[in-house]
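Everything below belongs to upload.tsv, which stores TSV, N, CA and C atoms.
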chain	number	residue	atom	x	y	z
F	1	MET	N	0.85	-1.18	0.00
F	1	MET	CA	0.00	0.00	0.00
F	1	MET	C	0.89	1.23	0.00
F	2	ASN	N	0.51	2.22	-0.75
F	2	ASN	CA	1.23	3.47	-0.80
F	2	ASN	C	1.04	4.21	0.52
F	3	LYS	N	2.13	4.36	1.26
F	3	LYS	CA	2.06	5.02	2.57
F	3	LYS	C	1.71	6.50	2.44
F	4	GLU	N	1.86	7.07	1.23
F	4	GLU	CA	1.55	8.47	1.03
F	4	GLU	C	0.12	8.67	0.54
F	5	ALA	N	-0.65	7.61	0.45
F	5	ALA	CA	-2.04	7.72	0.02
F	5	ALA	C	-2.82	8.52	1.05
F	6	PRO	N	-3.86	9.23	0.60
F	6	PRO	CA	-4.70	9.99	1.54
F	6	PRO	C	-5.29	9.06	2.60
F	7	PRO	N	-5.57	9.60	3.78
F	7	PRO	CA	-6.10	8.77	4.87
F	7	PRO	C	-7.35	7.98	4.49
F	8	ARG	N	-8.27	8.54	3.70
F	8	ARG	CA	-9.49	7.82	3.37
F	8	ARG	C	-9.21	6.62	2.46
F	9	ILE	N	-8.16	6.72	1.63
F	9	ILE	CA	-7.76	5.59	0.79
F	9	ILE	C	-7.15	4.50	1.68
F	10	ARG	N	-6.28	4.90	2.58
F	10	ARG	CA	-5.66	3.93	3.50
F	10	ARG	C	-6.73	3.24	4.34
F	11	GLU	N	-7.74	3.99	4.78
F	11	GLU	CA	-8.81	3.40	5.58
F	11	GLU	C	-9.62	2.39	4.77
F	12	ALA	N	-9.92	2.72	3.51
F	12	ALA	CA	-10.67	1.79	2.66
F	12	ALA	C	-9.86	0.51	2.44
F	13	ILE	N	-8.58	0.64	2.20
F	13	ILE	CA	-7.72	-0.52	2.01
F	13	ILE	C	-7.68	-1.36	3.28
F	14	HIS	N	-7.56	-0.70	4.42
F	14	HIS	CA	-7.53	-1.41	5.70
F	14	HIS	C	-8.83	-2.20	5.90
F	15	LYS	N	-9.96	-1.61	5.55
F	15	LYS	CA	-11.24	-2.30	5.70
F	15	LYS	C	-11.31	-3.53	4.80
F	16	LEU	N	-10.82	-3.40	3.56
F	16	LEU	CA	-10.83	-4.55	2.65
F	16	LEU	C	-9.92	-5.66	3.19
F	17	LEU	N	-8.80	-5.30	3.75
F	17	LEU	CA	-7.92	-6.30	4.37
F	17	LEU	C	-8.65	-7.00	5.51
F	18	HIS	N	-9.42	-6.24	6.28
F	18	HIS	CA	-10.19	-6.78	7.40
F	18	HIS	C	-11.23	-7.80	6.91
F	19	TYR	N	-11.78	-7.58	5.72
F	19	TYR	CA	-12.78	-8.49	5.17
F	19	TYR	C	-12.16	-9.70	4.47
F	20	GLY	N	-10.87	-9.88	4.60
F	20	GLY	CA	-10.24	-11.09	4.08
F	20	GLY	C	-9.65	-10.97	2.69
F	21	PHE	N	-9.37	-9.76	2.26
F	21	PHE	CA	-8.70	-9.57	0.98
F	21	PHE	C	-7.20	-9.38	1.25
F	22	GLN	N	-6.40	-9.70	0.26
F	22	GLN	CA	-4.96	-9.41	0.37
F	22	GLN	C	-4.59	-8.51	-0.79
F	23	GLU	N	-3.65	-7.63	-0.53
F	23	GLU	CA	-3.23	-6.70	-1.55
F	23	GLU	C	-2.27	-7.38	-2.52
F	24	CYS	N	-2.45	-7.15	-3.81
F	24	CYS	CA	-1.54	-7.69	-4.82
F	24	CYS	C	-1.28	-6.64	-5.89
F	25	THR	N	-1.23	-5.38	-5.49
F	25	THR	CA	-1.15	-4.27	-6.43
F	25	THR	C	0.07	-4.34	-7.33
F	26	GLU	N	1.25	-4.54	-6.74
F	26	GLU	CA	2.47	-4.56	-7.55
F	26	GLU	C	2.43	-5.70	-8.56
F	27	GLU	N	2.03	-6.87	-8.12
F	27	GLU	CA	1.97	-8.03	-9.01
F	27	GLU	C	0.97	-7.80	-10.15
F	28	ALA	N	-0.22	-7.31	-9.81
F	28	ALA	CA	-1.25	-7.08	-10.83
F	28	ALA	C	-0.80	-6.00	-11.82
F	29	SER	N	-0.21	-4.93	-11.31
F	29	SER	CA	0.25	-3.86	-12.18
F	29	SER	C	1.32	-4.36	-13.15
F	30	ARG	N	2.22	-5.18	-12.64
F	30	ARG	CA	3.29	-5.73	-13.47
F	30	ARG	C	2.72	-6.68	-14.52
F	31	GLN	N	1.82	-7.56	-14.12
F	31	GLN	CA	1.26	-8.54	-15.05
F	31	GLN	C	0.40	-7.88	-16.12
F	32	ASP	N	-0.37	-6.87	-15.74
F	32	ASP	CA	-1.30	-6.24	-16.68
F	32	ASP	C	-0.70	-5.03	-17.39
F	33	ASN	N	0.50	-4.64	-16.97
F	33	ASN	CA	1.16	-3.46	-17.52
F	33	ASN	C	0.26	-2.22	-17.38
F	34	THR	N	-0.41	-2.14	-16.24
F	34	THR	CA	-1.31	-1.04	-15.91
F	34	THR	C	-1.00	-0.61	-14.47
F	35	GLU	N	-1.01	0.67	-14.22
F	35	GLU	CA	-0.76	1.12	-12.85
F	35	GLU	C	-2.09	1.22	-12.12
F	36	TYR	N	-2.32	0.26	-11.22
F	36	TYR	CA	-3.55	0.24	-10.44
F	36	TYR	C	-3.36	1.02	-9.16
F	37	LEU	N	-4.43	1.69	-8.72
F	37	LEU	CA	-4.43	2.30	-7.39
F	37	LEU	C	-4.30	1.18	-6.37
F	38	CYS	N	-5.13	0.15	-6.52
F	38	CYS	CA	-5.07	-1.02	-5.65
F	38	CYS	C	-5.61	-2.22	-6.39
F	39	ALA	N	-5.07	-3.36	-6.06
F	39	ALA	CA	-5.58	-4.62	-6.59
F	39	ALA	C	-5.62	-5.60	-5.43
F	40	PHE	N	-6.68	-6.38	-5.38
F	40	PHE	CA	-6.87	-7.31	-4.27
F	40	PHE	C	-7.26	-8.67	-4.79
F	41	GLU	N	-6.93	-9.69	-4.02
F	41	GLU	CA	-7.41	-11.05	-4.25
F	41	GLU	C	-8.05	-11.51	-2.96
F	42	PRO	N	-9.23	-12.13	-3.04
F	42	PRO	CA	-9.84	-12.68	-1.83
F	42	PRO	C	-8.99	-13.84	-1.30
F	43	VAL	N	-8.77	-13.88	-0.03
F	43	VAL	CA	-8.02	-14.96	0.59
F	43	VAL	C	-8.91	-16.19	0.62
F	44	GLY	N	-8.36	-17.33	0.24
F	44	GLY	CA	-9.10	-18.58	0.34
F	44	GLY	C	-10.06	-18.83	-0.81
F	45	GLU	N	-10.12	-17.97	-1.78
F	45	GLU	CA	-11.00	-18.18	-2.93
F	45	GLU	C	-10.18	-18.78	-4.07
F	46	GLY	N	-10.86	-19.12	-5.14
F	46	GLY	CA	-10.19	-19.71	-6.29
F	46	GLY	C	-9.13	-18.80	-6.87
F	47	LYS	N	-8.11	-19.39	-7.40
F	47	LYS	CA	-7.03	-18.61	-8.02
F	47	LYS	C	-7.56	-17.88	-9.25
F	48	GLY	N	-6.97	-16.77	-9.55
F	48	GLY	CA	-7.35	-16.01	-10.73
F	48	GLY	C	-8.40	-14.96	-10.48
F	49	VAL	N	-8.98	-14.92	-9.28
F	49	VAL	CA	-9.97	-13.90	-8.97
F	49	VAL	C	-9.22	-12.69	-8.44
F	50	ARG	N	-9.34	-11.59	-9.14
F	50	ARG	CA	-8.61	-10.38	-8.74
F	50	ARG	C	-9.50	-9.18	-8.98
F	51	TYR	N	-9.48	-8.26	-8.04
F	51	TYR	CA	-10.25	-7.02	-8.14
F	51	TYR	C	-9.27	-5.87	-8.25
F	52	CYS	N	-9.25	-5.22	-9.40
F	52	CYS	CA	-8.29	-4.15	-9.64
F	52	CYS	C	-9.00	-2.80	-9.68
F	53	CYS	N	-8.44	-1.84	-8.99
F	53	CYS	CA	-9.04	-0.51	-8.90
F	53	CYS	C	-8.08	0.48	-9.56
F	54	GLU	N	-8.58	1.14	-10.59
F	54	GLU	CA	-7.77	2.15	-11.27
F	54	GLU	C	-8.04	3.55	-10.72
F	55	THR	N	-9.20	3.72	-10.10
F	55	THR	CA	-9.57	5.04	-9.57
F	55	THR	C	-10.05	4.89	-8.13
F	56	GLU	N	-10.17	6.00	-7.45
F	56	GLU	CA	-10.71	5.99	-6.09
F	56	GLU	C	-12.15	5.50	-6.10
F	57	ASP	N	-12.92	5.88	-7.13
F	57	ASP	CA	-14.30	5.42	-7.23
F	57	ASP	C	-14.36	3.90	-7.30
F	58	ASP	N	-13.43	3.29	-8.05
F	58	ASP	CA	-13.38	1.82	-8.14
F	58	ASP	C	-13.15	1.22	-6.76
F	59	LEU	N	-12.23	1.80	-6.01
F	59	LEU	CA	-11.88	1.30	-4.68
F	59	LEU	C	-13.09	1.36	-3.75
F	60	PHE	N	-13.78	2.49	-3.74
F	60	PHE	CA	-14.92	2.65	-2.84
F	60	PHE	C	-16.12	1.82	-3.30
F	61	THR	N	-16.24	1.58	-4.59
F	61	THR	CA	-17.30	0.70	-5.09
F	61	THR	C	-17.05	-0.73	-4.63
F	62	LEU	N	-15.80	-1.18	-4.72
F	62	LEU	CA	-15.46	-2.52	-4.24
F	62	LEU	C	-15.75	-2.63	-2.75
F	63	LEU	N	-15.35	-1.64	-1.98
F	63	LEU	CA	-15.59	-1.67	-0.54
F	63	LEU	C	-17.10	-1.72	-0.25
F	64	THR	N	-17.89	-0.96	-0.97
F	64	THR	CA	-19.35	-0.96	-0.78
F	64	THR	C	-19.92	-2.34	-1.07
F	65	LEU	N	-19.47	-2.98	-2.14
F	65	LEU	CA	-19.96	-4.31	-2.49
F	65	LEU	C	-19.59	-5.33	-1.42
F	66	VAL	N	-18.36	-5.25	-0.93
F	66	VAL	CA	-17.90	-6.19	0.08
F	66	VAL	C	-18.68	-5.99	1.38
F	67	GLU	N	-18.88	-4.74	1.78
F	67	GLU	CA	-19.63	-4.48	3.01
F	67	GLU	C	-21.08	-4.93	2.87
F	68	ALA	N	-21.68	-4.73	1.71
F	68	ALA	CA	-23.06	-5.15	1.50
F	68	ALA	C	-23.17	-6.68	1.56
F	69	ALA	N	-22.21	-7.37	0.99
F	69	ALA	CA	-22.22	-8.84	1.01
F	69	ALA	C	-22.00	-9.38	2.41
F	70	ALA	N	-21.28	-8.64	3.24
F	70	ALA	CA	-20.97	-9.10	4.59
F	70	ALA	C	-22.07	-8.78	5.60
F	71	SER	N	-22.97	-7.87	5.26
F	71	SER	CA	-24.01	-7.49	6.22
F	71	SER	C	-25.10	-8.55	6.25
F	72	PRO	N	-25.68	-8.75	7.45
F	72	PRO	CA	-26.71	-9.79	7.60
F	72	PRO	C	-28.00	-9.49	6.86

Show me, as structure tokens, the structure contained in the file I just sent.
Amino acid sequence: MNKEAPPRIREAIHKLLHYGFQECTEEASRQDNTEYLCAFEPVGEGKGVRYCCETEDDLFTLLTLVEAAASP
């Protein structure tokens, strides 16, 4: 994670980590030849599933989807 990212970005990333995602930004950026803000893979899920965020909106959309899926 970029330590210089704004606090709200760091908080969103922290929440996704809490929900069982792992960061794979450098690997995804290198493989796709695209600079992602963040890329995540769910821990314990099938290989090849990756969520890549190119913008802050992408990151917050992913977080919203994850939180909605986790709520009872």

For this session: Pick out the residues sitting within 8 Å of segment 3-10 of chain F, and hand them over as a list in words; count all atoms listed in the file, and ignore anything fewer than 5 positions along from it in its own chain.
Result: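 Non-adjacent residues within range: Lys15, Leu16 and Glu56 of chain F.
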
How big is the axis-aligned box around all listed atoms of segment 12-18 of chain F once 6 Å goes on each side, and where's its centre, in Å to one decimal, as JSON?
{"center_x": -9.4, "center_y": -2.5, "center_z": 4.7, "size_x": 15.8, "size_y": 22.5, "size_z": 17.4}

For this session: Write down as JSON, numbers by chain the residues belonging to chain F that are assigned alpha helix (DSSP H) by DSSP computed on the backbone.
Result: {"F": [7, 8, 9, 10, 11, 12, 13, 14, 15, 16, 17, 18, 25, 26, 27, 28, 29, 30, 31, 32, 56, 57, 58, 59, 60, 61, 62, 63, 64, 65, 66, 67, 68, 69, 70]}

For this session: Report as a VMD selection string: the residues of chain F with a DSSP assignment of strand (DSSP E), based on the backbone of this structure.
Result: chain F and resid 21 to 23 38 to 42 51 to 53

Which residues, written as a short mmCIF file (atom, residue, chain, number, x, y, z; two decimals) with N, CA and C atoms, in the frame of the given file, have at least one atom at most 12 Å from Gln22 of chain F, with only C-alpha atoms counted and residues fewer than 3 positions away on the same chain left out?
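Just written: around-v8.cif:
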data_model
loop_
_atom_site.label_atom_id
_atom_site.label_comp_id
_atom_site.auth_asym_id
_atom_site.auth_seq_id
_atom_site.Cartn_x
_atom_site.Cartn_y
_atom_site.Cartn_z
N MET F 1 0.85 -1.18 0.00
CA MET F 1 0.00 0.00 0.00
C MET F 1 0.89 1.23 0.00
N ILE F 13 -8.58 0.64 2.20
CA ILE F 13 -7.72 -0.52 2.01
C ILE F 13 -7.68 -1.36 3.28
N HIS F 14 -7.56 -0.70 4.42
CA HIS F 14 -7.53 -1.41 5.70
C HIS F 14 -8.83 -2.20 5.90
N LYS F 15 -9.96 -1.61 5.55
CA LYS F 15 -11.24 -2.30 5.70
C LYS F 15 -11.31 -3.53 4.80
N LEU F 16 -10.82 -3.40 3.56
CA LEU F 16 -10.83 -4.55 2.65
C LEU F 16 -9.92 -5.66 3.19
N LEU F 17 -8.80 -5.30 3.75
CA LEU F 17 -7.92 -6.30 4.37
C LEU F 17 -8.65 -7.00 5.51
N HIS F 18 -9.42 -6.24 6.28
CA HIS F 18 -10.19 -6.78 7.40
C HIS F 18 -11.23 -7.80 6.91
N TYR F 19 -11.78 -7.58 5.72
CA TYR F 19 -12.78 -8.49 5.17
C TYR F 19 -12.16 -9.70 4.47
N THR F 25 -1.23 -5.38 -5.49
CA THR F 25 -1.15 -4.27 -6.43
C THR F 25 0.07 -4.34 -7.33
N GLU F 26 1.25 -4.54 -6.74
CA GLU F 26 2.47 -4.56 -7.55
C GLU F 26 2.43 -5.70 -8.56
N GLU F 27 2.03 -6.87 -8.12
CA GLU F 27 1.97 -8.03 -9.01
C GLU F 27 0.97 -7.80 -10.15
N CYS F 38 -5.13 0.15 -6.52
CA CYS F 38 -5.07 -1.02 -5.65
C CYS F 38 -5.61 -2.22 -6.39
N ALA F 39 -5.07 -3.36 -6.06
CA ALA F 39 -5.58 -4.62 -6.59
C ALA F 39 -5.62 -5.60 -5.43
N PHE F 40 -6.68 -6.38 -5.38
CA PHE F 40 -6.87 -7.31 -4.27
C PHE F 40 -7.26 -8.67 -4.79
N GLU F 41 -6.93 -9.69 -4.02
CA GLU F 41 -7.41 -11.05 -4.25
C GLU F 41 -8.05 -11.51 -2.96
N PRO F 42 -9.23 -12.13 -3.04
CA PRO F 42 -9.84 -12.68 -1.83
C PRO F 42 -8.99 -13.84 -1.30
N VAL F 43 -8.77 -13.88 -0.03
CA VAL F 43 -8.02 -14.96 0.59
C VAL F 43 -8.91 -16.19 0.62
N GLY F 44 -8.36 -17.33 0.24
CA GLY F 44 -9.10 -18.58 0.34
C GLY F 44 -10.06 -18.83 -0.81
N GLU F 45 -10.12 -17.97 -1.78
CA GLU F 45 -11.00 -18.18 -2.93
C GLU F 45 -10.18 -18.78 -4.07
N VAL F 49 -8.98 -14.92 -9.28
CA VAL F 49 -9.97 -13.90 -8.97
C VAL F 49 -9.22 -12.69 -8.44
N ARG F 50 -9.34 -11.59 -9.14
CA ARG F 50 -8.61 -10.38 -8.74
C ARG F 50 -9.50 -9.18 -8.98
N TYR F 51 -9.48 -8.26 -8.04
CA TYR F 51 -10.25 -7.02 -8.14
C TYR F 51 -9.27 -5.87 -8.25
N CYS F 52 -9.25 -5.22 -9.40
CA CYS F 52 -8.29 -4.15 -9.64
C CYS F 52 -9.00 -2.80 -9.68
#

Problem set entry | Atom pair atom CA of Ser71 of chain F / atom N of Tyr36 of chain F: separation (Å) |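 According to the coordinates, atom CA of Ser71 of chain F and atom N of Tyr36 of chain F are separated by 28.9 Å.
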
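Going from atom CA of Glu54 of chain F over to atom C of Ala70 of chain F, you cover 24.7 Å.
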
Exercise. How many Å lie between atom CA of Ala12 of chain F and atom CA of Leu62 of chain F, rounded to one decimal?
Worked result: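 Interatomic distance, atom CA of Ala12 of chain F to atom CA of Leu62 of chain F: 9.4 Å.
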
Exercise. Contacts of Glu35 of chain F at 8 Å or less, counting all atoms listed in the file, minus same-chain residues fewer than 2 places along, as number ranges by chain?
Worked result: F: 25, 28-30, 32-33, 37-38, 53-55

Any chance you can output those residues with N, CA and C atoms as an mmCIF file, keeping the file's coordinate frame?
data_model
loop_
_atom_site.group_PDB
_atom_site.id
_atom_site.type_symbol
_atom_site.label_atom_id
_atom_site.label_comp_id
_atom_site.auth_asym_id
_atom_site.auth_seq_id
_atom_site.Cartn_x
_atom_site.Cartn_y
_atom_site.Cartn_z
ATOM 1 N N THR F 25 -1.230 -5.380 -5.490
ATOM 2 C CA THR F 25 -1.150 -4.270 -6.430
ATOM 3 C C THR F 25 0.070 -4.340 -7.330
ATOM 4 N N ALA F 28 -0.220 -7.310 -9.810
ATOM 5 C CA ALA F 28 -1.250 -7.080 -10.830
ATOM 6 C C ALA F 28 -0.800 -6.000 -11.820
ATOM 7 N N SER F 29 -0.210 -4.930 -11.310
ATOM 8 C CA SER F 29 0.250 -3.860 -12.180
ATOM 9 C C SER F 29 1.320 -4.360 -13.150
ATOM 10 N N ARG F 30 2.220 -5.180 -12.640
ATOM 11 C CA ARG F 30 3.290 -5.730 -13.470
ATOM 12 C C ARG F 30 2.720 -6.680 -14.520
ATOM 13 N N ASP F 32 -0.370 -6.870 -15.740
ATOM 14 C CA ASP F 32 -1.300 -6.240 -16.680
ATOM 15 C C ASP F 32 -0.700 -5.030 -17.390
ATOM 16 N N ASN F 33 0.500 -4.640 -16.970
ATOM 17 C CA ASN F 33 1.160 -3.460 -17.520
ATOM 18 C C ASN F 33 0.260 -2.220 -17.380
ATOM 19 N N LEU F 37 -4.430 1.690 -8.720
ATOM 20 C CA LEU F 37 -4.430 2.300 -7.390
ATOM 21 C C LEU F 37 -4.300 1.180 -6.370
ATOM 22 N N CYS F 38 -5.130 0.150 -6.520
ATOM 23 C CA CYS F 38 -5.070 -1.020 -5.650
ATOM 24 C C CYS F 38 -5.610 -2.220 -6.390
ATOM 25 N N CYS F 53 -8.440 -1.840 -8.990
ATOM 26 C CA CYS F 53 -9.040 -0.510 -8.900
ATOM 27 C C CYS F 53 -8.080 0.480 -9.560
ATOM 28 N N GLU F 54 -8.580 1.140 -10.590
ATOM 29 C CA GLU F 54 -7.770 2.150 -11.270
ATOM 30 C C GLU F 54 -8.040 3.550 -10.720
ATOM 31 N N THR F 55 -9.200 3.720 -10.100
ATOM 32 C CA THR F 55 -9.570 5.040 -9.570
ATOM 33 C C THR F 55 -10.050 4.890 -8.130
#

Would you please take chain F of the structure in the block above and write C-alpha atoms to a file as a short mmCIF file (atom, residue, chain, number, x, y, z; two decimals), in the first residue's frame?
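In the end it all went to selection_31.cif:
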data_model
loop_
_atom_site.label_atom_id
_atom_site.label_comp_id
_atom_site.auth_asym_id
_atom_site.auth_seq_id
_atom_site.Cartn_x
_atom_site.Cartn_y
_atom_site.Cartn_z
CA MET F 1 0.00 0.00 0.00
CA ASN F 2 1.23 3.47 -0.80
CA LYS F 3 2.06 5.02 2.57
CA GLU F 4 1.55 8.47 1.03
CA ALA F 5 -2.04 7.72 0.02
CA PRO F 6 -4.70 9.99 1.54
CA PRO F 7 -6.10 8.77 4.87
CA ARG F 8 -9.49 7.82 3.37
CA ILE F 9 -7.76 5.59 0.79
CA ARG F 10 -5.66 3.93 3.50
CA GLU F 11 -8.81 3.40 5.58
CA ALA F 12 -10.67 1.79 2.66
CA ILE F 13 -7.72 -0.52 2.01
CA HIS F 14 -7.53 -1.41 5.70
CA LYS F 15 -11.24 -2.30 5.70
CA LEU F 16 -10.83 -4.55 2.65
CA LEU F 17 -7.92 -6.30 4.37
CA HIS F 18 -10.19 -6.78 7.40
CA TYR F 19 -12.78 -8.49 5.17
CA GLY F 20 -10.24 -11.09 4.08
CA PHE F 21 -8.70 -9.57 0.98
CA GLN F 22 -4.96 -9.41 0.37
CA GLU F 23 -3.23 -6.70 -1.55
CA CYS F 24 -1.54 -7.69 -4.82
CA THR F 25 -1.15 -4.27 -6.43
CA GLU F 26 2.47 -4.56 -7.55
CA GLU F 27 1.97 -8.03 -9.01
CA ALA F 28 -1.25 -7.08 -10.83
CA SER F 29 0.25 -3.86 -12.18
CA ARG F 30 3.29 -5.73 -13.47
CA GLN F 31 1.26 -8.54 -15.05
CA ASP F 32 -1.30 -6.24 -16.68
CA ASN F 33 1.16 -3.46 -17.52
CA THR F 34 -1.31 -1.04 -15.91
CA GLU F 35 -0.76 1.12 -12.85
CA TYR F 36 -3.55 0.24 -10.44
CA LEU F 37 -4.43 2.30 -7.39
CA CYS F 38 -5.07 -1.02 -5.65
CA ALA F 39 -5.58 -4.62 -6.59
CA PHE F 40 -6.87 -7.31 -4.27
CA GLU F 41 -7.41 -11.05 -4.25
CA PRO F 42 -9.84 -12.68 -1.83
CA VAL F 43 -8.02 -14.96 0.59
CA GLY F 44 -9.10 -18.58 0.34
CA GLU F 45 -11.00 -18.18 -2.93
CA GLY F 46 -10.19 -19.71 -6.29
CA LYS F 47 -7.03 -18.61 -8.02
CA GLY F 48 -7.35 -16.01 -10.73
CA VAL F 49 -9.97 -13.90 -8.97
CA ARG F 50 -8.61 -10.38 -8.74
CA TYR F 51 -10.25 -7.02 -8.14
CA CYS F 52 -8.29 -4.15 -9.64
CA CYS F 53 -9.04 -0.51 -8.90
CA GLU F 54 -7.77 2.15 -11.27
CA THR F 55 -9.57 5.04 -9.57
CA GLU F 56 -10.71 5.99 -6.09
CA ASP F 57 -14.30 5.42 -7.23
CA ASP F 58 -13.38 1.82 -8.14
CA LEU F 59 -11.88 1.30 -4.68
CA PHE F 60 -14.92 2.65 -2.84
CA THR F 61 -17.30 0.70 -5.09
CA LEU F 62 -15.46 -2.52 -4.24
CA LEU F 63 -15.59 -1.67 -0.54
CA THR F 64 -19.35 -0.96 -0.78
CA LEU F 65 -19.96 -4.31 -2.49
CA VAL F 66 -17.90 -6.19 0.08
CA GLU F 67 -19.63 -4.48 3.01
CA ALA F 68 -23.06 -5.15 1.50
CA ALA F 69 -22.22 -8.84 1.01
CA ALA F 70 -20.97 -9.10 4.59
CA SER F 71 -24.01 -7.49 6.22
CA PRO F 72 -26.71 -9.79 7.60
#
